[in-house]
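Shown next: upload-v9.txt, given as compact mmCIF, C-alpha atoms and all ligand atoms.
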```
# COMPACT_ATOMS: atom_id res chain seq x y z
CA MET A 86 188.08 -46.85 -52.07
CA ARG A 87 190.84 -48.45 -54.10
CA TYR A 88 191.42 -52.18 -53.84
CA ASP A 89 194.46 -53.93 -55.33
CA VAL A 90 194.58 -57.73 -55.28
CA VAL A 91 197.70 -59.72 -56.21
CA THR A 92 196.81 -63.34 -57.02
CA ILE A 93 197.74 -66.24 -59.30
CA PHE A 94 194.01 -66.65 -60.00
CA PRO A 95 192.62 -63.21 -60.98
CA GLU A 96 189.62 -64.93 -62.55
CA TYR A 97 188.66 -66.10 -59.04
CA LEU A 98 187.82 -62.47 -58.20
CA GLU A 99 185.70 -61.79 -61.31
CA PRO A 100 182.41 -62.23 -59.37
CA LEU A 101 183.32 -58.96 -57.64
CA ARG A 102 182.40 -57.24 -60.91
CA LEU A 103 178.74 -58.29 -60.49
CA SER A 104 175.68 -56.79 -58.75
CA LEU A 105 175.95 -53.89 -56.33
CA LEU A 106 179.73 -54.26 -56.12
CA GLY A 107 179.93 -53.95 -59.89
CA LYS A 108 177.72 -50.86 -59.75
CA ALA A 109 179.99 -49.35 -57.08
CA GLN A 110 182.88 -49.77 -59.53
CA GLU A 111 180.89 -48.30 -62.46
CA SER A 112 179.98 -45.28 -60.34
CA GLY A 113 183.61 -44.75 -59.36
CA LEU A 114 182.88 -45.30 -55.67
CA VAL A 115 185.26 -48.27 -55.76
CA GLN A 116 188.26 -49.12 -57.93
CA LEU A 117 189.22 -52.82 -58.11
CA ASN A 118 192.62 -53.65 -59.63
CA LEU A 119 193.48 -57.33 -60.12
CA HIS A 120 197.17 -58.18 -60.62
CA ASN A 121 198.34 -61.59 -61.83
CA LEU A 122 201.39 -62.54 -59.76
CA ARG A 123 202.76 -64.51 -62.73
CA ASP A 124 203.15 -61.21 -64.62
CA PHE A 125 205.95 -60.48 -62.14
CA ALA A 126 207.74 -63.84 -62.56
CA PHE A 127 210.28 -63.44 -65.33
CA ASP A 128 211.69 -66.92 -65.80
CA ARG A 129 210.51 -68.94 -68.79
CA HIS A 130 207.94 -70.85 -66.73
CA LYS A 131 206.76 -67.79 -64.75
CA THR A 132 207.58 -69.66 -61.56
CA VAL A 133 205.90 -68.31 -58.41
CA ASP A 134 206.68 -71.10 -55.95
CA ASP A 135 209.48 -73.39 -54.82
CA THR A 136 210.26 -76.03 -52.19
CA PRO A 137 210.45 -74.90 -48.55
CA TYR A 138 213.82 -74.40 -46.84
CA GLY A 139 213.97 -76.80 -43.93
CA GLY A 140 211.93 -79.38 -45.82
CA GLY A 141 208.27 -80.20 -45.31
CA ALA A 142 205.25 -80.77 -47.53
CA GLY A 143 204.00 -78.37 -50.17
CA MET A 144 205.52 -75.34 -51.84
CA VAL A 145 206.23 -71.77 -50.72
CA MET A 146 205.42 -68.67 -52.79
CA LYS A 147 208.67 -67.05 -53.95
CA ALA A 148 209.64 -63.59 -52.69
CA GLU A 149 210.83 -62.09 -56.00
CA PRO A 150 207.49 -61.97 -57.87
CA TRP A 151 205.70 -60.70 -54.75
CA GLY A 152 208.27 -57.97 -54.24
CA LEU A 153 207.95 -56.77 -57.83
CA ALA A 154 204.14 -56.92 -57.72
CA LEU A 155 203.97 -54.88 -54.52
CA ASP A 156 206.58 -52.43 -55.88
CA SER A 157 204.32 -51.90 -58.89
CA ILE A 158 201.32 -51.12 -56.67
CA LEU A 159 203.34 -48.77 -54.49
CA ASN A 160 204.64 -46.89 -57.54
CA SER A 161 201.10 -46.62 -58.90
CA ALA A 162 199.79 -45.38 -55.54
CA LEU A 163 202.58 -42.82 -55.24
CA SER A 164 201.86 -41.44 -58.72
CA ASN A 165 198.16 -41.07 -57.79
CA GLN A 166 198.75 -39.62 -54.31
CA PRO A 167 197.71 -35.97 -53.86
CA ALA A 168 200.61 -33.61 -53.18
CA VAL A 169 201.30 -33.25 -49.46
CA THR A 170 200.85 -29.65 -48.33
CA ALA A 171 203.30 -28.11 -45.85
CA ASP A 172 200.64 -27.74 -43.15
CA ALA A 173 199.28 -31.28 -43.60
CA GLU A 174 198.77 -33.28 -40.43
CA PRO A 175 201.47 -36.00 -40.11
CA HIS A 176 199.81 -39.33 -40.90
CA ASP A 177 200.84 -42.84 -41.91
CA ALA A 178 200.50 -42.72 -45.70
CA ARG A 179 201.43 -46.38 -46.11
CA PRO A 180 198.62 -48.36 -47.78
CA LEU A 181 197.06 -51.19 -45.78
CA LEU A 182 198.23 -54.67 -46.87
CA ILE A 183 195.78 -57.37 -45.76
CA VAL A 184 197.20 -60.88 -45.88
CA PRO A 185 194.36 -63.42 -45.61
CA SER A 186 195.57 -66.24 -43.37
CA PRO A 187 194.14 -68.73 -40.87
CA ALA A 188 196.94 -67.37 -38.64
CA GLY A 189 195.50 -63.86 -38.70
CA LYS A 190 193.17 -61.97 -36.37
CA VAL A 191 189.57 -62.94 -37.08
CA PHE A 192 187.71 -60.46 -39.28
CA ASN A 193 184.38 -59.13 -37.98
CA GLN A 194 181.76 -56.47 -38.67
CA ALA A 195 183.48 -53.96 -36.41
CA LYS A 196 186.66 -54.31 -38.49
CA ALA A 197 184.61 -54.02 -41.69
CA TYR A 198 183.15 -50.73 -40.44
CA GLU A 199 186.60 -49.50 -39.38
CA LEU A 200 188.11 -50.25 -42.82
CA ALA A 201 185.15 -48.69 -44.66
CA GLU A 202 185.38 -45.53 -42.57
CA GLN A 203 189.16 -45.12 -42.31
CA GLU A 204 190.83 -46.63 -45.37
CA HIS A 205 191.05 -45.37 -48.95
CA HIS A 206 193.48 -47.93 -50.41
CA ILE A 207 193.61 -51.58 -49.37
CA VAL A 208 196.01 -54.08 -50.96
CA PHE A 209 195.27 -57.78 -50.58
CA ALA A 210 197.89 -60.55 -50.77
CA PRO A 211 196.01 -63.87 -50.93
CA ALA A 212 198.52 -66.70 -50.70
CA ARG A 213 198.34 -70.18 -52.18
CA TYR A 214 200.35 -73.33 -51.43
CA GLU A 215 201.91 -73.19 -47.93
CA GLY A 216 202.10 -69.41 -47.90
CA ILE A 217 204.35 -66.53 -48.92
CA ASP A 218 208.09 -66.38 -48.10
CA GLU A 219 208.07 -64.56 -44.73
CA ARG A 220 210.72 -62.10 -45.93
CA VAL A 221 208.07 -60.52 -48.18
CA LEU A 222 205.89 -59.64 -45.20
CA ASN A 223 208.95 -58.45 -43.28
CA TRP A 224 210.03 -56.19 -46.19
CA ALA A 225 206.43 -55.03 -46.65
CA GLU A 226 206.32 -53.66 -43.09
CA ASP A 227 208.52 -50.75 -44.29
CA HIS A 228 206.07 -49.81 -47.05
CA PHE A 229 202.63 -51.00 -45.92
CA ARG A 230 200.65 -51.38 -42.73
CA VAL A 231 200.65 -55.21 -42.83
CA MET A 232 197.58 -56.93 -41.35
CA PRO A 233 197.20 -60.75 -41.35
CA VAL A 234 193.42 -61.42 -41.24
CA SER A 235 191.43 -64.65 -40.95
CA LEU A 236 187.81 -65.23 -41.94
CA GLY A 237 187.54 -67.82 -39.22
CA ASP A 238 189.14 -70.89 -37.67
CA TYR A 239 189.39 -73.02 -40.80
CA VAL A 240 191.77 -73.35 -43.74
CA LEU A 241 190.97 -72.63 -47.40
CA TYR A 242 192.89 -73.59 -50.53
CA GLY A 243 193.99 -69.96 -50.75
CA GLY A 244 193.13 -66.45 -49.70
CA GLU A 245 191.05 -65.38 -52.71
CA VAL A 246 187.70 -66.35 -51.15
CA ALA A 247 188.65 -64.45 -48.00
CA VAL A 248 189.51 -61.40 -50.13
CA MET A 249 186.11 -61.53 -51.85
CA ALA A 250 184.33 -61.77 -48.50
CA MET A 251 186.26 -58.84 -47.02
CA ILE A 252 185.88 -56.62 -50.10
CA GLU A 253 182.12 -57.27 -50.10
CA ALA A 254 181.79 -56.75 -46.32
CA VAL A 255 183.72 -53.44 -46.45
CA THR A 256 182.30 -52.03 -49.69
CA ARG A 257 178.66 -52.44 -48.64
CA LEU A 258 179.38 -50.15 -45.68
CA ILE A 259 180.78 -47.34 -47.84
CA PRO A 260 178.13 -44.60 -48.10
CA GLY A 261 176.42 -44.87 -51.50
CA ALA A 262 177.28 -48.54 -52.03
CA MET A 263 173.99 -49.95 -50.72
CA GLY A 264 170.69 -49.47 -52.55
CA ASN A 265 168.91 -48.73 -49.26
CA PRO A 266 171.40 -47.76 -46.52
CA GLU A 267 168.68 -48.22 -43.88
CA SER A 268 169.02 -51.99 -44.36
CA LEU A 269 172.37 -51.70 -42.57
CA ASP A 270 170.70 -50.50 -39.40
CA GLU A 271 169.25 -53.76 -38.08
CA GLU A 272 171.43 -56.44 -39.64
CA SER A 273 173.42 -58.97 -37.65
CA HIS A 274 176.39 -57.68 -35.66
CA THR A 275 175.31 -54.05 -35.86
CA GLY A 276 174.55 -53.18 -32.25
CA GLY A 277 176.03 -56.41 -30.92
CA LEU A 278 172.99 -58.60 -31.77
CA LEU A 279 171.91 -61.00 -34.52
CA GLU A 280 169.15 -59.90 -36.90
CA TYR A 281 165.46 -60.74 -36.34
CA PRO A 282 163.55 -63.21 -38.60
CA VAL A 283 161.86 -61.72 -41.69
CA TYR A 284 158.64 -62.69 -43.53
CA THR A 285 156.81 -61.68 -46.72
CA LYS A 286 153.66 -62.65 -48.65
CA PRO A 287 151.77 -64.98 -48.61
CA SER A 288 150.64 -64.67 -44.94
CA VAL A 289 150.15 -68.48 -44.81
CA TRP A 290 152.56 -70.90 -46.49
CA ARG A 291 152.41 -74.68 -46.06
CA GLU A 292 150.13 -74.14 -43.04
CA ARG A 293 152.69 -71.80 -41.48
CA GLU A 294 151.43 -68.34 -40.57
CA VAL A 295 153.34 -65.05 -40.30
CA PRO A 296 153.57 -63.96 -36.62
CA ALA A 297 150.34 -62.01 -35.94
CA VAL A 298 152.19 -59.00 -34.49
CA LEU A 299 153.71 -58.31 -37.91
CA LEU A 300 150.21 -58.02 -39.40
CA SER A 301 148.93 -55.82 -36.52
CA GLY A 302 150.08 -52.44 -37.82
CA ASN A 303 151.16 -51.69 -34.24
CA HIS A 304 154.64 -50.33 -34.93
CA ALA A 305 155.68 -50.16 -31.26
CA ALA A 306 154.67 -53.80 -30.73
CA ILE A 307 156.45 -54.83 -33.95
CA ALA A 308 159.63 -53.05 -32.89
CA ARG A 309 159.47 -54.72 -29.45
CA TRP A 310 158.86 -58.16 -30.98
CA ARG A 311 161.79 -57.72 -33.37
CA ARG A 312 164.12 -56.62 -30.55
CA ASP A 313 163.04 -59.59 -28.45
CA GLN A 314 163.73 -61.91 -31.40
CA GLN A 315 167.19 -60.41 -31.81
CA ILE A 316 168.01 -60.96 -28.15
CA GLU A 317 166.56 -64.50 -28.12
CA ARG A 318 168.51 -65.48 -31.25
CA THR A 319 171.74 -64.01 -29.97
CA PHE A 320 171.46 -65.84 -26.64
CA ALA A 321 170.58 -69.08 -28.42
CA ARG A 322 173.12 -69.00 -31.24
CA ARG A 323 175.93 -66.65 -30.26
CA PHE A 324 176.14 -66.43 -26.49
CA ASP A 325 179.76 -65.47 -27.03
CA MET A 326 178.53 -62.13 -28.40
CA ILE A 327 176.80 -61.52 -25.09
CA GLU A 328 179.50 -62.63 -22.69
CA THR A 329 182.76 -61.59 -24.28
CA TYR A 330 183.98 -58.18 -25.26
CA PRO A 331 187.12 -58.45 -27.38
CA GLU A 332 190.07 -56.69 -25.78
CA ASP A 333 191.97 -56.57 -29.05
CA GLY A 334 190.62 -53.21 -30.13
CA TRP A 335 188.34 -54.76 -32.74
CA ASP A 336 185.39 -53.91 -30.51
CA LYS A 337 181.80 -54.45 -31.60
CA LYS A 338 180.47 -51.45 -33.46
CA ASP A 339 177.97 -49.33 -31.43
CA ARG A 340 177.48 -52.21 -28.98
CA LYS A 341 174.30 -51.67 -26.98
CA LEU A 342 171.84 -54.26 -25.61
N1 LIG A 401 190.71 -68.75 -42.54
C1 LIG A 401 191.13 -67.93 -43.51
O1 LIG A 401 190.83 -66.73 -43.57
C2 LIG A 401 192.01 -68.50 -44.55
C3 LIG A 401 192.69 -67.80 -45.52
C4 LIG A 401 193.37 -68.76 -46.27
N2 LIG A 401 193.07 -69.96 -45.75
O2 LIG A 401 192.23 -69.82 -44.69
```
Starting from the file, lay out its structure as structure tokens.
Amino acid sequence: MRYDVVTIFPEYLEPLRLSLLGKAQESGLVQLNLHNLRDFAFDRHKTVDDTPYGGGAGMVMKAEPWGLALDSILNSALSNQPAVTADAEPHDARPLLIVPSPAGKVFNQAKAYELAEQEHHIVFAPARYEGIDERVLNWAEDHFRVMPVSLGDYVLYGGEVAVMAMIEAVTRLIPGAMGNPESLDEESHTGGLLEYPVYTKPSVWREREVPAVLLSGNHAAIARWRRDQQIERTFARRFDMIETYPEDGWDKKDRKL
């Protein structure tokens, strides 16, 4: 998987070089390219924003630097694309451009699985200020599959944190990216339920004991208890996961109760 991120704060994304994500890059499983938008602003002050037409508070990110930055990524992708053979199946070769925005569709585990399974090159355009000149996203539709995506119903200073969250959520689902892939099997949102509570030594801590069933060695009883905990937690904390089934195509992955 190749990720390209265009941002005015590339240093914001440096934590993506750590831990398992860093190892995924060292192994070549993932390529992370950070592009400083200011490198594509050619006035003396490397200006990337200006006042909004129509008035209003804040600043808008200028189209020119974004256009040049995205051109650069497209040219790089084209030069790395394998030659198309005559008998190749027709497919949409445009890279995916994810634009983090509180106005986007809400990201979820099903979408993370879909991106991990189906995409090979994802470009991220995290905005700052009041957003990016809309003409950039309109132009981009001819060259990318443009997808506005929100982490949730709240507003951040910019999209960089959302990019980090999505890159981590997607990369960990790429085969080979997790130390123990089995840990994906029973985590929250896989199978439409929240995860069960976990415990480790000591068996008593501040007068609190580990549930006896987990010390019983009875694997069937343990599995039943864990499933019951998942169902109880989901009903208590996320009843919406029980009652609604998104019609927007971002269905829950392998949903089964
Ligand atoms: N909710 C979000 O994903 C977001 C992105 C930028 N600001 O908020």
- [ ] List the neighbours of stretch 107-116 of chain A out to 10 Å using all atoms listed in the file; skip same-chain residues closer than 4 positions along the sequence, and give me the result as a ChimeraX atom specification.
- [x] /A:86-89,99-103,205-206,256-257,259-263
Open item on the list: Just checking: using all atoms listed in the file, which residue out of A:Arg293, A:Pro287, A:Leu300, A:Phe192 ends up closest to ligand LIG 401 (chain A)?
Closed with: A:Phe192
TODO: Please check which residues have atoms at most 8 Å from (192.0, -67.4, -46.6) in the file's coordinates, counting only C-alpha atoms, and write them as a PyMOL selection string.
DONE: chain A and resi 185-187+211-212+235-236+240-248
Task: Proximity to ligand LIG 401 (chain A) - best of A:Pro95, A:Gly264, A:Gly189, A:Gly276, all atoms listed in the file - done: A:Gly189
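Proximity to ligand LIG 401 (chain A) was assessed for A:Ala195, A:Ile158, A:Leu117, A:Met251 counting only C-alpha atoms and all ligand atoms; the smallest distance is recorded for A:Met251.
Taking only C-alpha atoms, the non-local environment of A:Asp218 within 6 Å (same-chain residues fewer than 2 positions away omitted) comprises A:Met146, A:Lys147, A:Ala148, A:Arg220, A:Val221.
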TODO: Give the answer as one residue: which of A:Val298, A:Val234, A:Val283, A:Leu269 has the shortest atom-to-atom distance to ligand LIG 401 (chain A), using all atoms listed in the file?
DONE: A:Val234
